[in-house]
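Next up, protein-v7.txt (compact mmCIF, C-alpha atoms):
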```
# COMPACT_ATOMS: atom_id res chain seq x y z
CA MET A 1 5.15 28.84 28.14
CA ARG A 2 1.42 28.68 28.40
CA LYS A 3 1.13 27.17 24.95
CA LYS A 4 3.53 24.46 25.95
CA ASN A 5 1.39 23.65 28.98
CA ILE A 6 -1.71 23.36 26.87
CA PHE A 7 0.14 21.13 24.46
CA ASN A 8 1.33 18.83 27.22
CA PHE A 9 -2.09 18.69 28.73
CA PHE A 10 -3.58 17.77 25.39
CA LEU A 11 -1.03 15.07 24.80
CA GLY A 12 -1.61 13.57 28.23
CA GLY A 13 -5.37 13.62 27.80
CA LEU A 14 -5.19 12.05 24.39
CA PHE A 15 -2.87 9.35 25.66
CA ILE A 16 -5.30 8.32 28.36
CA LEU A 17 -8.30 8.54 26.09
CA VAL A 18 -6.86 6.50 23.27
CA SER A 19 -5.28 3.90 25.50
CA MET A 20 -8.65 3.39 27.15
CA ASN A 21 -10.19 3.05 23.76
CA ASN A 22 -7.51 0.65 22.81
CA MET A 23 -8.09 -1.54 25.81
CA ASN A 24 -11.67 -1.89 24.73
CA GLY A 25 -10.33 -2.74 21.34
CA GLN A 26 -8.18 -5.44 22.76
CA GLU A 27 -11.11 -7.01 24.47
CA ASN A 28 -12.97 -6.98 21.20
CA GLU A 29 -10.00 -8.51 19.51
CA HIS A 30 -9.88 -11.09 22.24
CA ASN A 31 -13.37 -12.13 21.40
CA ASP A 32 -12.57 -12.13 17.75
CA GLU A 33 -9.52 -14.19 18.20
CA ALA A 34 -11.21 -16.64 20.47
CA GLU A 35 -13.89 -17.10 17.87
CA GLU A 36 -11.36 -17.46 15.14
CA HIS A 37 -9.57 -20.03 17.21
CA GLY A 38 -12.79 -21.81 17.95
CA GLN A 39 -13.61 -21.96 14.28
CA GLU A 40 -10.19 -23.32 13.41
CA ALA A 41 -10.36 -25.97 16.10
CA HIS A 42 -13.82 -26.90 15.01
CA ALA A 43 -12.82 -27.24 11.39
CA THR A 44 -9.85 -29.52 11.90
CA ALA A 45 -10.40 -31.03 15.31
CA GLU A 46 -8.29 -34.11 14.65
CA GLU A 47 -5.12 -32.17 13.96
CA ASP A 48 -2.58 -30.99 16.49
CA GLY A 49 -4.10 -28.21 18.60
CA ALA A 50 -1.01 -26.00 18.87
CA VAL A 51 -0.36 -25.82 15.14
CA ASN A 52 -3.98 -25.08 14.65
CA THR A 53 -3.93 -22.12 16.99
CA LYS A 54 -0.79 -20.76 15.39
CA GLU A 55 -2.28 -20.95 11.93
CA GLY A 56 -5.50 -19.40 13.17
CA ILE A 57 -3.62 -16.49 14.70
CA LYS A 58 -1.52 -16.02 11.58
CA GLU A 59 -4.64 -15.93 9.46
CA PHE A 60 -6.26 -13.50 11.83
CA VAL A 61 -3.28 -11.15 11.81
CA ASP A 62 -3.06 -11.33 8.02
CA HIS A 63 -6.71 -10.54 7.74
CA HIS A 64 -6.38 -7.61 10.11
CA LEU A 65 -3.57 -6.07 8.08
CA LYS A 66 -5.46 -6.27 4.83
CA ASP A 67 -8.03 -4.01 3.34
CA SER A 68 -11.57 -5.33 3.20
CA HIS A 69 -14.81 -4.94 1.30
CA TYR A 70 -16.70 -5.17 4.59
CA PHE A 71 -16.71 -2.96 7.59
CA SER A 72 -16.95 -5.73 10.14
CA PHE A 73 -16.87 -5.17 13.87
CA PHE A 74 -16.57 -8.79 14.90
CA ALA A 75 -17.50 -12.19 13.57
CA ASP A 76 -18.82 -15.34 15.16
CA GLY A 77 -16.96 -17.98 13.23
CA GLU A 78 -18.75 -21.00 14.64
CA ALA A 79 -22.22 -19.67 13.95
CA GLY A 80 -21.03 -18.11 10.69
CA GLU A 81 -22.41 -14.74 11.73
CA HIS A 82 -20.79 -11.44 10.89
CA PHE A 83 -21.53 -8.16 12.57
CA GLY A 84 -20.83 -5.22 10.36
CA PHE A 85 -21.98 -3.84 7.07
CA PRO A 86 -20.96 -4.42 3.47
CA LEU A 87 -19.43 -1.60 1.47
CA PRO A 88 -20.11 -0.67 -2.14
CA VAL A 89 -18.08 -2.45 -4.80
CA ILE A 90 -17.17 -0.47 -7.89
CA LEU A 91 -15.60 -2.43 -10.71
CA TRP A 92 -14.41 -1.37 -14.14
CA ASP A 93 -14.73 -4.39 -16.37
CA ASN A 94 -16.00 -3.52 -19.84
CA GLY A 95 -18.13 -0.86 -18.26
CA LEU A 96 -18.81 0.42 -14.80
CA LYS A 97 -20.36 -2.07 -12.39
CA VAL A 98 -21.60 -1.00 -9.01
CA PHE A 99 -23.06 -3.37 -6.47
CA SER A 100 -23.01 -4.06 -2.76
CA ALA A 101 -20.39 -6.34 -1.26
CA SER A 102 -23.23 -8.22 0.41
CA GLU A 103 -23.57 -10.06 -2.91
CA PHE A 104 -20.47 -12.00 -1.98
CA HIS A 105 -21.86 -13.21 1.35
CA TYR A 106 -18.42 -12.85 2.95
CA GLY A 107 -16.70 -14.70 0.14
CA GLU A 108 -18.96 -17.72 0.39
CA GLU A 109 -20.98 -17.06 -2.73
CA LEU A 110 -20.39 -15.76 -6.21
CA ALA A 111 -21.74 -12.45 -7.29
CA GLU A 112 -23.39 -12.50 -10.69
CA ILE A 113 -23.51 -9.07 -12.26
CA ASP A 114 -24.68 -8.68 -15.87
CA GLY A 115 -23.84 -12.28 -16.65
CA THR A 116 -20.30 -12.16 -15.28
CA HIS A 117 -19.35 -14.01 -12.14
CA TYR A 118 -17.10 -12.49 -9.55
CA LYS A 119 -15.56 -14.20 -6.58
CA LEU A 120 -14.16 -12.60 -3.47
CA TYR A 121 -11.05 -14.58 -2.67
CA HIS A 122 -8.72 -13.42 0.10
CA THR A 123 -10.11 -9.88 -0.05
CA LYS A 124 -9.44 -9.62 -3.79
CA ILE A 125 -12.09 -9.81 -6.47
CA TYR A 126 -11.55 -12.27 -9.32
CA LYS A 127 -13.52 -13.03 -12.45
CA THR A 128 -14.60 -16.67 -12.50
CA ASP A 129 -16.88 -19.03 -14.37
CA ALA A 130 -20.29 -20.02 -13.04
CA GLU A 131 -18.81 -22.60 -10.63
CA GLY A 132 -16.37 -20.12 -9.16
CA THR A 133 -13.23 -22.09 -9.92
CA ILE A 134 -9.95 -20.38 -9.18
CA THR A 135 -6.98 -21.55 -11.19
CA TYR A 136 -3.49 -21.18 -9.80
CA ASP A 137 -0.25 -20.46 -11.56
CA GLU A 138 2.93 -22.40 -10.79
CA ARG A 139 3.79 -20.14 -7.86
CA GLY A 140 0.45 -20.75 -6.19
CA PHE A 141 -1.13 -17.38 -6.91
CA PRO A 142 -4.58 -17.19 -8.46
CA ALA A 143 -4.31 -16.82 -12.22
CA ASN A 144 -7.86 -15.62 -12.76
CA GLU A 145 -8.48 -12.33 -14.45
CA LYS A 146 -8.93 -9.41 -12.08
CA PRO A 147 -11.27 -6.53 -12.90
CA LEU A 148 -10.13 -3.00 -12.05
CA ASP A 149 -11.31 -2.46 -8.51
CA PHE A 150 -12.29 1.06 -7.50
CA SER A 151 -14.37 -0.07 -4.57
CA ILE A 152 -15.02 2.03 -1.53
CA THR A 153 -13.23 -0.30 0.84
CA LYS A 154 -12.67 -0.02 4.56
CA ASN A 155 -9.49 1.97 4.05
CA VAL A 156 -11.21 4.36 1.69
CA ILE A 157 -13.97 4.88 4.23
CA ALA A 158 -11.36 5.61 6.88
CA MET A 159 -9.58 8.10 4.65
CA LEU A 160 -12.82 9.84 3.73
CA THR A 161 -13.77 10.03 7.40
CA ALA A 162 -10.36 11.44 8.27
CA SER A 163 -10.63 14.03 5.52
CA LEU A 164 -14.10 15.02 6.61
CA LEU A 165 -13.03 15.31 10.24
CA LEU A 166 -10.01 17.40 9.30
CA PHE A 167 -12.19 19.64 7.18
CA LEU A 168 -14.65 20.14 10.02
CA PHE A 169 -11.93 20.76 12.62
CA PHE A 170 -10.00 23.28 10.60
CA TRP A 171 -13.01 24.94 9.09
CA GLY A 172 -14.21 25.57 12.63
CA LEU A 173 -10.78 26.83 13.64
CA ALA A 174 -10.51 29.14 10.65
CA ARG A 175 -13.98 30.54 11.28
CA ASN A 176 -12.99 31.15 14.87
CA TYR A 177 -10.16 33.44 13.94
CA LYS A 178 -12.56 35.76 12.18
CA LYS A 179 -14.30 36.47 15.46
CA SER A 180 -11.39 36.57 17.86
CA LYS A 181 -7.69 35.94 18.02
CA ILE A 182 -8.11 33.20 20.59
CA PRO A 183 -9.64 29.93 19.41
CA THR A 184 -12.38 28.30 21.41
CA GLY A 185 -13.36 24.69 21.93
CA PHE A 186 -11.49 22.08 19.97
CA GLY A 187 -9.46 24.75 18.23
CA ARG A 188 -7.50 25.16 21.43
CA ILE A 189 -6.15 21.67 20.90
CA LEU A 190 -5.37 22.23 17.24
CA GLU A 191 -3.72 25.62 17.48
CA PRO A 192 -0.64 24.45 19.40
CA LEU A 193 -0.17 21.60 16.93
CA VAL A 194 -0.45 23.94 13.95
CA ILE A 195 2.03 26.31 15.55
CA TYR A 196 4.29 23.39 16.33
CA VAL A 197 4.29 22.29 12.69
CA ARG A 198 4.98 25.87 11.60
CA ASP A 199 7.68 26.79 14.10
CA ASP A 200 9.45 23.49 14.62
CA ILE A 201 9.04 21.75 11.28
CA ALA A 202 8.47 24.24 8.48
CA LYS A 203 10.45 27.33 9.52
CA PRO A 204 13.78 25.73 10.44
CA ASN A 205 13.81 23.29 7.53
CA ILE A 206 12.33 25.22 4.63
CA GLY A 207 13.47 28.71 5.48
CA PRO A 208 11.83 32.00 4.49
CA LYS A 209 9.64 30.43 1.79
CA TYR A 210 7.87 28.19 4.27
CA LYS A 211 4.45 29.80 3.86
CA LYS A 212 3.81 28.26 0.46
CA TYR A 213 4.24 24.74 1.83
CA MET A 214 2.40 25.10 5.13
CA SER A 215 -0.87 23.77 3.71
CA LEU A 216 0.83 20.62 2.45
CA LEU A 217 2.73 19.99 5.66
CA LEU A 218 -0.29 20.58 7.88
CA THR A 219 -2.50 18.36 5.76
CA VAL A 220 0.05 15.57 5.66
CA PHE A 221 0.73 15.82 9.38
CA PHE A 222 -2.88 15.75 10.52
CA PHE A 223 -3.97 13.21 7.92
CA ILE A 224 -1.28 10.72 8.92
CA LEU A 225 -1.77 11.41 12.60
CA LEU A 226 -5.50 10.85 12.41
CA LEU A 227 -5.14 7.68 10.34
CA ASN A 228 -2.48 6.33 12.69
CA LEU A 229 -4.81 6.95 15.60
CA PHE A 230 -7.65 5.27 13.71
CA GLY A 231 -5.43 2.23 13.48
CA LEU A 232 -5.25 2.05 17.26
CA THR A 233 -9.01 2.10 17.76
CA PRO A 234 -11.08 -1.08 18.14
CA LEU A 235 -12.20 -0.71 14.53
CA GLY A 236 -8.79 -2.03 13.53
CA ILE A 237 -8.42 -0.02 10.35
CA ASN A 238 -4.86 -0.32 9.15
CA VAL A 239 -4.69 2.50 6.62
CA THR A 240 -1.18 3.86 7.03
CA GLY A 241 0.01 0.25 7.12
CA ASN A 242 -1.15 -0.10 3.55
CA ILE A 243 1.67 0.44 1.11
CA ALA A 244 -0.60 1.91 -1.55
CA VAL A 245 -1.64 4.71 0.79
CA THR A 246 1.90 5.53 1.85
CA PHE A 247 2.93 5.35 -1.80
CA GLY A 248 0.36 8.01 -2.60
CA LEU A 249 1.56 10.24 0.21
CA ALA A 250 5.20 9.81 -0.79
CA LEU A 251 4.33 10.49 -4.44
CA ILE A 252 2.78 13.82 -3.48
CA THR A 253 5.94 14.78 -1.61
CA PHE A 254 8.09 13.63 -4.53
CA LEU A 255 6.14 15.68 -7.07
CA ILE A 256 6.10 18.78 -4.91
CA VAL A 257 9.83 18.55 -4.28
CA GLN A 258 10.59 18.13 -7.99
CA PHE A 259 8.30 20.92 -9.09
CA SER A 260 9.51 23.39 -6.51
CA GLY A 261 13.18 22.65 -7.15
CA ASN A 262 15.08 25.76 -8.19
CA LYS A 263 18.08 25.89 -10.48
CA HIS A 264 20.49 25.25 -7.65
CA TYR A 265 18.70 22.04 -6.81
CA TRP A 266 18.93 20.76 -10.37
CA LYS A 267 22.50 21.90 -10.67
CA HIS A 268 23.41 19.95 -7.58
CA ILE A 269 21.84 16.88 -9.08
CA PHE A 270 23.21 16.98 -12.61
CA TRP A 271 26.46 18.90 -12.31
CA MET A 272 27.54 19.12 -8.70
CA PRO A 273 29.45 22.36 -8.23
CA GLY A 274 32.70 22.49 -6.37
CA VAL A 275 34.05 19.03 -7.19
CA PRO A 276 36.41 17.82 -9.96
CA VAL A 277 34.90 16.76 -13.28
CA PRO A 278 35.34 12.96 -12.88
CA MET A 279 33.60 13.27 -9.54
CA LYS A 280 30.73 15.20 -11.14
CA ILE A 281 30.17 12.32 -13.53
CA VAL A 282 30.20 9.79 -10.71
CA LEU A 283 27.89 11.87 -8.57
CA MET A 284 25.24 12.42 -11.23
CA PRO A 285 23.70 8.92 -11.22
CA ILE A 286 23.95 8.79 -7.44
CA GLU A 287 22.09 12.07 -7.10
CA ILE A 288 19.45 10.97 -9.60
CA LEU A 289 18.98 7.77 -7.63
CA GLY A 290 18.78 9.88 -4.49
CA MET A 291 15.83 11.77 -5.95
CA PHE A 292 13.84 8.55 -5.91
CA THR A 293 15.20 6.89 -2.78
CA LYS A 294 14.11 9.77 -0.57
CA PRO A 295 10.36 9.42 -1.16
CA PHE A 296 10.81 5.65 -1.37
CA ALA A 297 12.25 5.66 2.13
CA LEU A 298 9.32 7.84 3.27
CA MET A 299 6.89 5.30 1.87
CA ILE A 300 8.62 2.26 3.37
CA ARG A 301 9.19 3.90 6.73
CA LEU A 302 5.58 4.78 7.41
CA PHE A 303 4.25 1.52 6.01
CA ALA A 304 6.73 -0.68 7.86
CA ASN A 305 6.40 1.12 11.17
CA MET A 306 2.64 0.93 11.25
CA THR A 307 2.49 -2.65 9.99
CA ALA A 308 5.17 -3.75 12.44
CA GLY A 309 3.29 -2.10 15.29
CA HIS A 310 0.03 -3.83 14.40
CA VAL A 311 1.78 -7.18 14.01
CA VAL A 312 3.46 -6.86 17.40
CA VAL A 313 0.21 -6.00 19.17
CA MET A 314 -1.68 -8.80 17.48
CA SER A 315 1.09 -11.35 18.02
CA LEU A 316 1.30 -10.56 21.71
CA LEU A 317 -2.43 -11.10 21.95
CA GLY A 318 -2.01 -14.30 20.00
CA LEU A 319 0.52 -15.61 22.52
CA ILE A 320 -2.27 -15.70 25.10
CA PHE A 321 -4.06 -18.25 22.95
CA ILE A 322 -0.92 -20.29 22.36
CA PHE A 323 -0.02 -20.61 26.04
CA GLN A 324 -3.55 -20.65 27.45
CA ASN A 325 -2.73 -20.51 31.13
CA TRP A 326 -3.21 -18.21 34.09
CA ILE A 327 0.28 -16.75 34.06
CA ALA A 328 0.60 -16.01 30.35
CA GLY A 329 -2.86 -14.42 30.01
CA PRO A 330 -2.45 -11.41 32.32
CA THR A 331 1.25 -11.03 31.48
CA PHE A 332 0.71 -10.74 27.76
CA PHE A 333 -2.35 -8.60 28.32
CA LEU A 334 -0.19 -6.10 30.22
CA PHE A 335 2.50 -6.41 27.55
CA THR A 336 -0.08 -5.56 24.94
CA ILE A 337 -1.18 -2.45 26.81
CA PHE A 338 2.45 -1.43 27.13
CA ILE A 339 3.08 -1.93 23.40
CA SER A 340 -0.14 -0.10 22.58
CA VAL A 341 1.03 2.94 24.51
CA ILE A 342 4.32 2.78 22.63
CA GLU A 343 2.32 2.53 19.41
CA LEU A 344 0.56 5.73 20.39
CA LEU A 345 3.94 7.39 20.64
CA VAL A 346 4.88 5.89 17.29
CA ALA A 347 1.68 7.23 15.76
CA PHE A 348 2.73 10.78 16.68
CA LEU A 349 6.36 10.18 15.86
CA GLN A 350 5.67 8.82 12.38
CA ALA A 351 3.37 11.70 11.50
CA TYR A 352 6.06 14.07 12.78
CA ILE A 353 8.87 12.32 10.91
CA PHE A 354 6.97 12.16 7.64
CA THR A 355 6.22 15.87 7.86
CA LEU A 356 9.71 16.73 9.03
CA LEU A 357 11.43 14.83 6.24
CA SER A 358 9.02 16.23 3.66
CA ALA A 359 9.91 19.70 4.91
CA LEU A 360 13.58 18.82 4.81
CA TYR A 361 13.39 17.63 1.20
CA ILE A 362 11.39 20.67 0.16
CA GLY A 363 13.93 22.80 1.98
CA MET A 364 16.73 21.20 -0.02
CA ALA A 365 14.87 21.95 -3.23
CA VAL A 366 14.01 25.60 -2.54
CA GLU A 367 17.12 26.55 -0.63
CA ASP A 368 18.46 29.89 -1.73
CA HIS A 369 22.16 29.90 -2.38
CA ALA A 370 22.42 33.65 -2.46
CA ASP A 371 24.24 33.69 0.85
CA HIS A 372 27.17 31.72 -0.48
CA PRO A 373 28.65 31.72 -3.99
CA ASP A 374 27.87 29.01 -6.50
CA ASP A 375 31.41 27.77 -6.99
CA HIS A 376 31.65 26.72 -3.34
CA SER A 377 34.85 28.67 -2.91
CA ASP A 378 33.96 28.86 0.75
CA ASP A 379 34.99 25.22 1.02
CA LEU A 380 38.54 26.52 0.95
CA PRO A 381 39.96 27.85 4.19
CA VAL A 382 39.15 31.51 4.48
CA VAL A 383 41.93 33.62 5.88
CA MET B 1 11.36 -17.27 5.14
CA GLU B 2 14.40 -19.32 4.39
CA ILE B 3 17.60 -19.55 6.38
CA PRO B 4 19.79 -17.10 4.39
CA GLN B 5 17.04 -14.53 4.52
CA MET B 6 16.59 -15.05 8.22
CA VAL B 7 20.32 -14.58 8.81
CA GLY B 8 20.21 -11.49 6.63
CA ALA B 9 17.28 -10.08 8.59
CA GLY B 10 19.18 -10.74 11.81
CA LEU B 11 22.26 -8.94 10.51
CA ILE B 12 20.15 -5.97 9.41
CA VAL B 13 18.61 -5.73 12.84
CA ILE B 14 22.03 -5.96 14.51
CA GLY B 15 23.33 -3.19 12.27
CA ALA B 16 20.32 -0.98 12.86
CA GLY B 17 20.56 -1.65 16.59
CA ILE B 18 24.20 -0.61 16.71
CA GLY B 19 23.41 2.50 14.69
CA LEU B 20 20.46 3.53 16.84
CA GLY B 21 22.46 2.85 19.99
CA MET B 22 25.25 5.07 18.80
CA ILE B 23 22.89 7.87 17.82
CA GLY B 24 21.04 7.66 21.11
CA GLY B 25 24.21 7.41 23.18
CA ARG B 26 25.90 10.33 21.51
CA ALA B 27 22.74 12.40 21.79
CA MET B 28 22.62 11.64 25.52
CA ASP B 29 26.24 12.70 25.85
CA ALA B 30 25.55 15.90 23.97
CA ILE B 31 22.48 16.68 26.06
CA ALA B 32 24.41 16.04 29.25
CA ARG B 33 27.11 18.45 28.10
CA GLN B 34 24.75 21.13 26.91
CA PRO B 35 21.30 20.75 28.40
CA GLU B 36 20.15 24.05 26.88
CA ALA B 37 20.58 22.60 23.37
CA THR B 38 18.27 19.65 24.09
CA GLY B 39 15.64 20.62 21.54
CA LYS B 40 18.06 20.98 18.65
CA ILE B 41 19.89 17.78 19.53
CA GLN B 42 16.65 15.83 19.75
CA THR B 43 15.48 17.03 16.32
CA ALA B 44 18.79 16.10 14.73
CA MET B 45 18.73 12.77 16.53
CA ILE B 46 15.24 11.96 15.29
CA ILE B 47 16.12 12.86 11.70
CA ILE B 48 19.18 10.61 11.70
CA ALA B 49 17.29 7.81 13.45
CA ALA B 50 14.49 8.05 10.89
CA LEU B 51 16.92 7.89 7.99
CA LEU B 52 18.62 4.87 9.52
CA GLU B 53 15.29 3.23 10.15
CA GLY B 54 14.31 3.81 6.55
CA ILE B 55 17.42 2.05 5.29
CA ALA B 56 16.94 -0.81 7.75
CA PHE B 57 13.32 -1.30 6.71
CA ALA B 58 14.19 -1.15 3.03
CA ALA B 59 16.82 -3.84 3.59
CA LEU B 60 14.38 -5.94 5.60
CA PHE B 61 11.87 -5.80 2.78
CA ALA B 62 14.50 -6.66 0.23
CA SER B 63 15.55 -9.71 2.24
```

Represent the supplied structure as structure tokens.
Amino acid sequence: MRKKNIFNFFLGGLFILVSMNNMNGQENEHNDEAEEHGQEAHATAEEDGAVNTKEGIKEFVDHHLKDSHYFSFFADGEAGEHFGFPLPVILWDNGLKVFSASEFHYGEELAEIDGTHYKLYHTKIYKTDAEGTITYDERGFPANEKPLDFSITKNVIAMLTASLLLFLFFWGLARNYKKSKIPTGFGRILEPLVIYVRDDIAKPNIGPKYKKYMSLLLTVFFFILLLNLFGLTPLGINVTGNIAVTFGLALITFLIVQFSGNKHYWKHIFWMPGVPVPMKIVLMPIEILGMFTKPFALMIRLFANMTAGHVVVMSLLGLIFIFQNWIAGPTFFLFTIFISVIELLVAFLQAYIFTLLSALYIGMAVEDHADHPDDHSDDLPVV
Amino acid sequence: MEIPQMVGAGLIVIGAGIGLGMIGGRAMDAIARQPEATGKIQTAMIIIAALLEGIAFAALFAS
């Protein structure tokens, strides 16, 4: 009972804290957006104002969703000033090339490294000639050669920070247990969550072999949770809304499920017991497809949920700039706060669901069929 | 986005909405019948809702 109270208290506190943070973030974004809008209007003043704003907002949202070679806090479009810092660029292009993203001057200039010119174009790095010309293919995508980009981008920074924070938190918690059975400080917040993952996610879904997979589930849960919460901060880092990141997470789950699958698991895939032979043949490709669709759904779910959440928040903010009157401003501002609080719920829910489904899939793979015979004779009515 | 895709996206959302509504409604019924089983029902509900959501999102991306 007491643990539950602590958990509730923690959740409530975190809600308030992060929503406050988020409100700050919205104000920042306001500024950003206003500047973006100002820049757009300035650039094409003759054109229709409404279309302009819409395009500006679309561009802004797109930019927010993407990864970046800069860690920028906000930008003054009209003055051309950026507040933030460049991140290191690491390219593999006939040898390792390391330089600072400041060489690009926010995409305005070419970076010349060892006689090769690189251009930052829509957050991607392309190889160009000395003039920086970008050629397009028939579908309108840049056809220039792309070097392999291993840069430490904004998302990478966020992931490293999350990993470091998790390490510090849990290292502290683990050290605590050596001294006493009751954690102190921040560990009191973490312990209920760890126990929650163990008792409500791992134990019921994996069964008696849950201990082996606890480290994976805990890591995945806290990593996704922390990154989701990062996405709600004013920094606007959209890591879990990046399909490459969710692909990586889903790949780990996929590999672990396949490698921990016992003979029953493989039998159920390739030669389903308890059904007639023609059915076995029909079921085999479906089951093999199912092996891949499960982690694929994990990947899409997390990515789409986080991206959709960010888009909704940003679009609601954008509506303020489309309507530009006294009624719409406060209304959409309140709407945005409301959606942000829902996003906070989604941040927890998605971390929970990813962990839960991972546990479920692992449970399917390691399930022991000792309690019922292989031939599924228990499908028949037992007298 | 072109018109067929938009119609498709609309249909997906309608389908997902019906599905989620049914899951939620049935879960409410079940909880009202057996309030002591709330925890179990909620977990099952969330799993099914997540699976449905996954399919809906996959379809949305395909469209």

query = Counting all atoms listed in the file, which residues come within 12 Å of (16.5, 1.8, 5.0), with the point read in the file's coordinates, and could you list them as a VMD selection string?
reply = (chain A and resid 293 to 302 304 to 305) or (chain B and resid 12 to 13 15 to 16 19 48 to 63)

task = Find the spatial neighbours of B:Ala27, counting all atoms listed in the file, within a cut-off of 8 Å - ignore same-chain residues fewer than 2 positions away - and output them as a list of chain:residue names.
result = B:Ile23, B:Gly24, B:Gly25, B:Asp29, B:Ala30, B:Ile31, B:Ile41, B:Gln42, B:Met45

note = Of B:Leu11, B:Ile18, B:Ile47, B:Ala37, the one sitting nearest chain A when using all atoms listed in the file is B:Ile47

task = Rounded to one decimal place, report the atom CA of A:Lys119-atom CA of A:Glu138 distance in Å.
result =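 Rounded to one decimal, the two atoms are 20.7 Å apart.
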
query = Mind listing as a list in words all residues within 7 Å of (-18.3, -1.3, 7.1), counting all atoms listed in the file?
reply = Tyr70, Phe71, Ser72, Gly84, Phe85, Pro86, Leu87 and Lys154 of chain A

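Going from atom CA of A:Asp149 to atom CA of A:Leu91 covers 4.8 Å.
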
inquiry  = Show me, as a ChimeraX atom specification, the residues that have an atom within 9 Å of A:Ala359 when counting only C-alpha atoms, minus same-chain residues fewer than 5 positions from it.
reply    = /A:201-203,205-206,210,213,217,354,364

request  = Pick out the residues sitting within 8 Å of A:Ser68, and hand them over as a list of chain:residue names; count all atoms listed in the file, and ignore anything fewer than 6 positions along from it in its own chain.
outcome  =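 My list of contacting residues is A:Thr123, A:Thr153, A:Lys154, A:Asn155.
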
task = Please indicate the distance in Å from atom CA of A:Ile125 to atom CA of A:Glu145, rounded to one decimal place.
result =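 For atom CA of A:Ile125 relative to atom CA of A:Glu145, the distance reads 9.1 Å.
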
Would you kindly place all heavy atoms on stretch 234-238 of chain A and return the model as an mmCIF file, in the frame of the given file?
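Produced file rebuild-v1.cif, reproduced below:
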```cif
data_model
loop_
_atom_site.group_PDB
_atom_site.id
_atom_site.type_symbol
_atom_site.label_atom_id
_atom_site.label_comp_id
_atom_site.auth_asym_id
_atom_site.auth_seq_id
_atom_site.Cartn_x
_atom_site.Cartn_y
_atom_site.Cartn_z
ATOM 1 N N PRO A 234 -10.556 0.284 18.280
ATOM 2 C CA PRO A 234 -11.080 -1.080 18.140
ATOM 3 C C PRO A 234 -11.526 -1.423 16.731
ATOM 4 O O PRO A 234 -11.645 -2.597 16.397
ATOM 5 C CB PRO A 234 -12.274 -1.093 19.088
ATOM 6 C CG PRO A 234 -12.148 0.072 19.941
ATOM 7 C CD PRO A 234 -11.237 1.028 19.327
ATOM 8 N N LEU A 235 -11.746 -0.407 15.891
ATOM 9 C CA LEU A 235 -12.200 -0.710 14.530
ATOM 10 C C LEU A 235 -11.122 -1.461 13.748
ATOM 11 O O LEU A 235 -11.430 -2.162 12.801
ATOM 12 C CB LEU A 235 -12.543 0.579 13.796
ATOM 13 C CG LEU A 235 -13.705 1.356 14.381
ATOM 14 C CD1 LEU A 235 -13.818 2.697 13.689
ATOM 15 C CD2 LEU A 235 -14.992 0.580 14.232
ATOM 16 N N GLY A 236 -9.876 -1.294 14.171
ATOM 17 C CA GLY A 236 -8.790 -2.030 13.530
ATOM 18 C C GLY A 236 -8.623 -1.699 12.068
ATOM 19 O O GLY A 236 -8.502 -2.577 11.228
ATOM 20 N N ILE A 237 -8.637 -0.409 11.740
ATOM 21 C CA ILE A 237 -8.420 -0.020 10.350
ATOM 22 C C ILE A 237 -6.944 0.278 10.183
ATOM 23 O O ILE A 237 -6.411 1.157 10.837
ATOM 24 C CB ILE A 237 -9.240 1.225 9.994
ATOM 25 C CG1 ILE A 237 -10.688 1.019 10.402
ATOM 26 C CG2 ILE A 237 -9.154 1.518 8.523
ATOM 27 C CD1 ILE A 237 -11.469 2.288 10.413
ATOM 28 N N ASN A 238 -6.307 -0.452 9.312
ATOM 29 C CA ASN A 238 -4.860 -0.320 9.150
ATOM 30 C C ASN A 238 -4.602 0.434 7.851
ATOM 31 O O ASN A 238 -4.281 -0.161 6.835
ATOM 32 C CB ASN A 238 -4.256 -1.724 9.133
ATOM 33 C CG ASN A 238 -2.775 -1.691 9.046
ATOM 34 O OD1 ASN A 238 -2.154 -0.725 9.438
ATOM 35 N ND2 ASN A 238 -2.207 -2.753 8.517
#
```
